[in-house]
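Each remark here refers to the structure printed beneath this line.
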Amino acid sequence: MSKNKTKLNLNRRNFLTGTATLAGIAATASVVPITIANANHSEGKKGLPNFISWKDRDALIVHSDKGIETHRSAIGESLVTPNRNIYIRNNMPTMTDAQIGDRKKWKVSIEGVKNPQTFTLAQLQKLGHETMATILQCSGNGRGFFEHKPRGSQWKTGAAACVLWTGVPMKTVVDACGGISGGAVYMTSEGVDHVPTGLDPKKAMIARSVPKKVYKDAMLAWEMNGVPLPNAHGGPLRMVTPGYFGINNVKHLGKVAFTAEQSSVKYMKKSYRISPIGKKGSQYPSCWEMPVKSWITRPTDETGTVKAGKVQIVGVAMGGTKKIRSVKVSVDGGSSWKKAKFIGPNLGKFAWRQFVLETTLSAGTYNIASLASNGADKQPELRMENRRGYAHNGWKDHSVNITVV
Amino acid sequence: MKIKKFLLIFVTPLLLNIQTSLADDAKMIKGLEIFNETAACAACHVLKAAGSEGNVGPNLDTVEGLNYDSVMDIVTHGLGVMPAFGEDEILTKEQIEIVSFYVANSAGK
């Protein structure tokens, strides 16, 4: 194969200009728009792509240059996940500084309101100011546990983070526009990160419709954990939809519209639908509200053997769209459970809570699991099987095996 | 008789072997053509061996666990903005097999 490799290693310029190739392939006109070839994706320092070279490589599992997961043990032992440890899942290339231009002049239009308006970021920053904590979690977090190996990044626990956002409440923006027009059923957010690719917006635009009521909790955020929203996380402005899966928190936000229908783009109609294995279609539920979920972050199989004696079992728990009420921990694979204690500040129902169970373990191997409840729902034992491996909150797969010596 | 036997035992397998590797060579050449031109995979993916620098989908040189079966699966059924080249009959089954063979044998090289 090495001989082939030399033969087939085409010169990019030849390819783009459609001149004859070394392999003798018939030359045809280039089909590649040059604008797509951005410069922010080459492999950077430390094995991370350049656009996130500022992240902590040791905290991350690289599934690809566009799917990067936080190690289970790097979720962070303080409540908020540090930006340098937060996962990356991008459907479109991250916009560059050059594509974004002057951040203060970034524009977002508001439609489906009594007085439709376009605001610059500077104008939004004068309109209101709020900080809130929410969980950002990819719809496919936990996909790596599904036995039928669904397509997409094989996330285990680390496509999730607890983040402090600063921005303007969507309700403030709606009020400034005279309120929502009659007939609206959905709040539809549209990103503009597909624009530099030149691809068909129907196929490439990230537009996500969520039930209209979400606007009361939502925020247009420009700051993430105390710094201007990084481009890699959708800067300079993104929608934050608390309690809803990551995809609905649209990055590089260009428009918010209150609409009677869901957006007709592929990312709304076809993608992110929770369908049975072997079936698909827009008749199946969209990835919207996150279910109650928890997992242990320490000790894990990543943190090595545990010394016999007193052990602190630590983890994070989220209630989805409801307040988390309780977490139980098992050290015997779910045969018996003990109530864990919540620790750290309570940053509201959309943030996760840390929990700890102090227990005494003698030498041996243990399967440790956590089971969270929000009062209305608790984690099921098993995953809900589905085609694309979405919304996994079963406690059994999320358990970990540890060795105590 | 001896020559016939010799041919049967030694030369035939050799020829078959050569045929296989020629077929692989041909697949690599054809696969590159499909990747860069017919299907324009290059428009959206980095693949050093193909000289492509597309930045919509993942850099194929960095995708964890990429193999023939996983490429076949994703090219056939699509994912997100990536078209379902098989389901939507953009490529033939043979073209998908060839381009998947090419990508699986080129990624990371």
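Just so we're on the same page: first chain in the structure tokens is A, next is B, and so on; residues restart at 1 for each chain, and ligands are numbered from 1 in the order they show up.
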Pick out the residues sitting within 9 Å of range 76-79 of chain B, and hand them over as a ChimeraX atom specification; count only C-alpha atoms, and ignore anything fewer than 5 positions along from it in its own chain.
/A:151-152,271 /B:71,84-89,91,93,96
Write the residues you've just listed into a file as a PDB file, in the first residue's frame, and include C-alpha atoms for each of them.
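Final file, selection-v3.pdb:
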ATOM      1  CA  ARG A 151     -23.019   6.289  14.248  1.00  0.00           C
ATOM      2  CA  GLY A 152     -21.412   9.358  15.831  1.00  0.00           C
ATOM      3  CA  SER A 271     -31.585  14.848  12.765  1.00  0.00           C
TER       4      SER A 271
ATOM      5  CA  VAL B  71     -16.931   4.311   6.791  1.00  0.00           C
ATOM      6  CA  ALA B  84     -26.801   9.473   2.877  1.00  0.00           C
ATOM      7  CA  PHE B  85     -24.892   8.465  -0.242  1.00  0.00           C
ATOM      8  CA  GLY B  86     -26.392   4.974  -0.240  1.00  0.00           C
ATOM      9  CA  GLU B  87     -29.948   5.534   0.985  1.00  0.00           C
ATOM     10  CA  ASP B  88     -30.393   8.507  -1.318  1.00  0.00           C
ATOM     11  CA  GLU B  89     -28.703   6.700  -4.214  1.00  0.00           C
ATOM     12  CA  LEU B  91     -23.442   6.668  -5.133  1.00  0.00           C
ATOM     13  CA  LYS B  93     -23.083   0.260  -3.693  1.00  0.00           C
ATOM     14  CA  ILE B  96     -19.443   3.189  -1.691  1.00  0.00           C
TER      15      ILE B  96
END
Kindly provide, as a VMD selection string, the residues of chain B having any atom no farther than 6 Å from an atom of chain A, counting only C-alpha atoms.
chain B and resid 43 49 to 51 53 to 56 58 62 to 64 81
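Shell of Ile34 in chain B at 10 Å, with only C-alpha atoms counted and residues fewer than 6 places along the chain excluded, is B:Met28, B:Ala40, B:Cys41, B:Ala42, B:Leu91, B:Gln95, B:Ile96, B:Ile98, B:Val99, B:Ser100, B:Tyr102.
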What would the file look like if the residues just selected were written as a PDB file, in the first residue's frame with N, CA and C atoms?
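So out.pdb came out as:
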ATOM      1  N   MET B  28      -7.870   1.779  -4.981  1.00  0.00           N
ATOM      2  CA  MET B  28      -7.297   2.985  -4.364  1.00  0.00           C
ATOM      3  C   MET B  28      -7.352   4.163  -5.344  1.00  0.00           C
ATOM      4  N   ALA B  40     -17.221  14.218  -3.924  1.00  0.00           N
ATOM      5  CA  ALA B  40     -16.721  15.458  -3.315  1.00  0.00           C
ATOM      6  C   ALA B  40     -16.594  15.363  -1.794  1.00  0.00           C
ATOM      7  N   CYS B  41     -16.198  14.208  -1.302  1.00  0.00           N
ATOM      8  CA  CYS B  41     -15.936  14.065   0.137  1.00  0.00           C
ATOM      9  C   CYS B  41     -14.911  15.108   0.589  1.00  0.00           C
ATOM     10  N   ALA B  42     -13.979  15.412  -0.358  1.00  0.00           N
ATOM     11  CA  ALA B  42     -12.883  16.341  -0.070  1.00  0.00           C
ATOM     12  C   ALA B  42     -13.385  17.733   0.293  1.00  0.00           C
ATOM     13  N   LEU B  91     -24.499   7.554  -4.645  1.00  0.00           N
ATOM     14  CA  LEU B  91     -23.442   6.668  -5.133  1.00  0.00           C
ATOM     15  C   LEU B  91     -24.010   5.253  -5.247  1.00  0.00           C
ATOM     16  N   GLN B  95     -19.533   1.897  -5.681  1.00  0.00           N
ATOM     17  CA  GLN B  95     -18.769   3.131  -5.438  1.00  0.00           C
ATOM     18  C   GLN B  95     -18.546   3.341  -3.942  1.00  0.00           C
ATOM     19  N   ILE B  96     -19.575   3.031  -3.149  1.00  0.00           N
ATOM     20  CA  ILE B  96     -19.443   3.189  -1.691  1.00  0.00           C
ATOM     21  C   ILE B  96     -18.390   2.222  -1.152  1.00  0.00           C
ATOM     22  N   ILE B  98     -15.866   1.050  -2.770  1.00  0.00           N
ATOM     23  CA  ILE B  98     -14.537   1.487  -3.228  1.00  0.00           C
ATOM     24  C   ILE B  98     -14.048   2.693  -2.423  1.00  0.00           C
ATOM     25  N   VAL B  99     -14.919   3.678  -2.231  1.00  0.00           N
ATOM     26  CA  VAL B  99     -14.474   4.884  -1.518  1.00  0.00           C
ATOM     27  C   VAL B  99     -14.221   4.551  -0.045  1.00  0.00           C
ATOM     28  N   SER B 100     -14.992   3.622   0.510  1.00  0.00           N
ATOM     29  CA  SER B 100     -14.775   3.225   1.907  1.00  0.00           C
ATOM     30  C   SER B 100     -13.440   2.489   2.047  1.00  0.00           C
ATOM     31  N   TYR B 102     -10.911   2.966   0.120  1.00  0.00           N
ATOM     32  CA  TYR B 102      -9.885   3.994  -0.038  1.00  0.00           C
ATOM     33  C   TYR B 102      -9.675   4.773   1.268  1.00  0.00           C
TER      34      TYR B 102
END
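Here the question is which of B:Val46, B:Leu32, B:Ala23, B:Val103 gets nearest to Ser70 in chain B using only C-alpha atoms, and that residue is B:Val103.
For the set A:Gly198, A:Gly235, A:Gly344, A:Gly394, the residue with the smallest atom-to-atom gap to Trp222 in chain A is A:Gly235, counting only C-alpha atoms.
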Residues near Leu47 in chain B, cut-off 8 Å, only C-alpha atoms, skip fewer than 6 positions along chain, as an mmCIF file with C-alpha atoms, in the first residue's frame:
data_model
loop_
_atom_site.group_PDB
_atom_site.id
_atom_site.type_symbol
_atom_site.label_atom_id
_atom_site.label_comp_id
_atom_site.auth_asym_id
_atom_site.auth_seq_id
_atom_site.Cartn_x
_atom_site.Cartn_y
_atom_site.Cartn_z
ATOM 1 C CA GLU B 53 -8.686 20.266 3.399
ATOM 2 C CA ASN B 59 -10.742 15.402 9.877
ATOM 3 C CA LEU B 60 -10.623 11.775 8.734
ATOM 4 C CA ASP B 61 -7.007 11.448 9.814
ATOM 5 C CA SER B 106 -5.673 6.186 3.600
ATOM 6 C CA ALA B 107 -6.745 7.748 6.898
ATOM 7 C CA GLY B 108 -3.875 8.669 9.164
#
If you run DSSP on this backbone, which residues of range 294-382 of chain A come out as strand (DSSP E or B), and could you give them as an MDAnalysis selection string?
chainID A and resid 294:298 306 309:318 326:330 332 338:339 341:343 353:361 364:373 378
Take the residues from that selection and put them in a file with C-alpha atoms, as a PDB file, in the first residue's frame.
ATOM      1  CA  SER A 294     -26.182  11.176  37.483  1.00  0.00           C
ATOM      2  CA  TRP A 295     -22.787   9.557  37.354  1.00  0.00           C
ATOM      3  CA  ILE A 296     -19.836   9.010  39.614  1.00  0.00           C
ATOM      4  CA  THR A 297     -16.701  11.037  38.902  1.00  0.00           C
ATOM      5  CA  ARG A 298     -14.422   9.641  41.615  1.00  0.00           C
ATOM      6  CA  VAL A 306      -8.408   2.711  45.864  1.00  0.00           C
ATOM      7  CA  GLY A 309     -10.752   2.059  54.432  1.00  0.00           C
ATOM      8  CA  LYS A 310     -12.848   5.182  54.276  1.00  0.00           C
ATOM      9  CA  VAL A 311     -13.711   6.150  50.694  1.00  0.00           C
ATOM     10  CA  GLN A 312     -15.451   9.266  49.404  1.00  0.00           C
ATOM     11  CA  ILE A 313     -17.628   8.423  46.395  1.00  0.00           C
ATOM     12  CA  VAL A 314     -18.256  11.652  44.509  1.00  0.00           C
ATOM     13  CA  GLY A 315     -20.401  12.469  41.477  1.00  0.00           C
ATOM     14  CA  VAL A 316     -22.756  14.860  39.753  1.00  0.00           C
ATOM     15  CA  ALA A 317     -26.543  14.681  39.458  1.00  0.00           C
ATOM     16  CA  MET A 318     -29.023  16.629  37.361  1.00  0.00           C
ATOM     17  CA  SER A 326     -32.079  12.824  45.759  1.00  0.00           C
ATOM     18  CA  VAL A 327     -29.227  10.539  44.773  1.00  0.00           C
ATOM     19  CA  LYS A 328     -28.563   7.031  45.999  1.00  0.00           C
ATOM     20  CA  VAL A 329     -25.255   5.195  45.645  1.00  0.00           C
ATOM     21  CA  SER A 330     -24.649   1.473  45.407  1.00  0.00           C
ATOM     22  CA  ASP A 332     -22.687  -3.716  44.953  1.00  0.00           C
ATOM     23  CA  LYS A 338     -27.492   4.306  50.342  1.00  0.00           C
ATOM     24  CA  LYS A 339     -28.587   7.932  50.202  1.00  0.00           C
ATOM     25  CA  LYS A 341     -25.360  13.841  50.537  1.00  0.00           C
ATOM     26  CA  PHE A 342     -25.542  16.912  48.303  1.00  0.00           C
ATOM     27  CA  ILE A 343     -22.576  19.224  48.723  1.00  0.00           C
ATOM     28  CA  ARG A 353     -25.484  19.134  42.154  1.00  0.00           C
ATOM     29  CA  GLN A 354     -22.447  17.363  43.441  1.00  0.00           C
ATOM     30  CA  PHE A 355     -23.025  14.463  45.763  1.00  0.00           C
ATOM     31  CA  VAL A 356     -20.844  12.443  48.058  1.00  0.00           C
ATOM     32  CA  LEU A 357     -21.235   9.179  49.925  1.00  0.00           C
ATOM     33  CA  GLU A 358     -18.673   8.337  52.554  1.00  0.00           C
ATOM     34  CA  THR A 359     -18.339   4.605  52.983  1.00  0.00           C
ATOM     35  CA  THR A 360     -15.842   2.021  54.160  1.00  0.00           C
ATOM     36  CA  LEU A 361     -14.540  -0.499  51.658  1.00  0.00           C
ATOM     37  CA  GLY A 364     -11.907  -6.350  46.605  1.00  0.00           C
ATOM     38  CA  THR A 365     -13.621  -5.264  43.424  1.00  0.00           C
ATOM     39  CA  TYR A 366     -16.765  -3.194  43.450  1.00  0.00           C
ATOM     40  CA  ASN A 367     -19.321  -2.008  40.941  1.00  0.00           C
ATOM     41  CA  ILE A 368     -20.396   1.451  42.056  1.00  0.00           C
ATOM     42  CA  ALA A 369     -23.486   3.142  40.677  1.00  0.00           C
ATOM     43  CA  SER A 370     -25.598   6.224  41.327  1.00  0.00           C
ATOM     44  CA  LEU A 371     -29.347   6.667  40.937  1.00  0.00           C
ATOM     45  CA  ALA A 372     -30.869  10.143  40.861  1.00  0.00           C
ATOM     46  CA  SER A 373     -34.468  11.259  41.238  1.00  0.00           C
ATOM     47  CA  LYS A 378     -35.795   8.570  38.566  1.00  0.00           C
TER      48      LYS A 378
END
Work out how far apart CA of Asn393 in chain A and CA of Ile135 in chain A are and give it in Å to one decimal.
14.5 Å
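As for CA of Gly333 in chain A and CA of Val400 in chain A, they are spaced 8.9 Å apart.
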Write out as number ranges by chain each polymer residue whose atoms come within 10 Å of Met95 in chain A, counting only C-alpha atoms; drop sequence neighbours fewer than 6 positions from it.
A: 38, 40, 51, 192-197, 231-236, 251-252
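Straight-line separation from CA of Met224 in chain A to CA of Ala133 in chain A: 9.8 Å.
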Leaving out Trp106 in chain A and any residue of its chain fewer than 3 positions from it, which residues lie within 7 Å of it when counting only C-alpha atoms, given as a list in words?
Asp102, Arg103, Thr120 and Leu121 of chain A
Counting only C-alpha atoms, which residue out of A:Val256, A:Ala391, A:Leu124, A:Val174 sits closest to Ala159 in chain A?
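Selected residue with least distance to Ala159 in chain A: A:Ala391.
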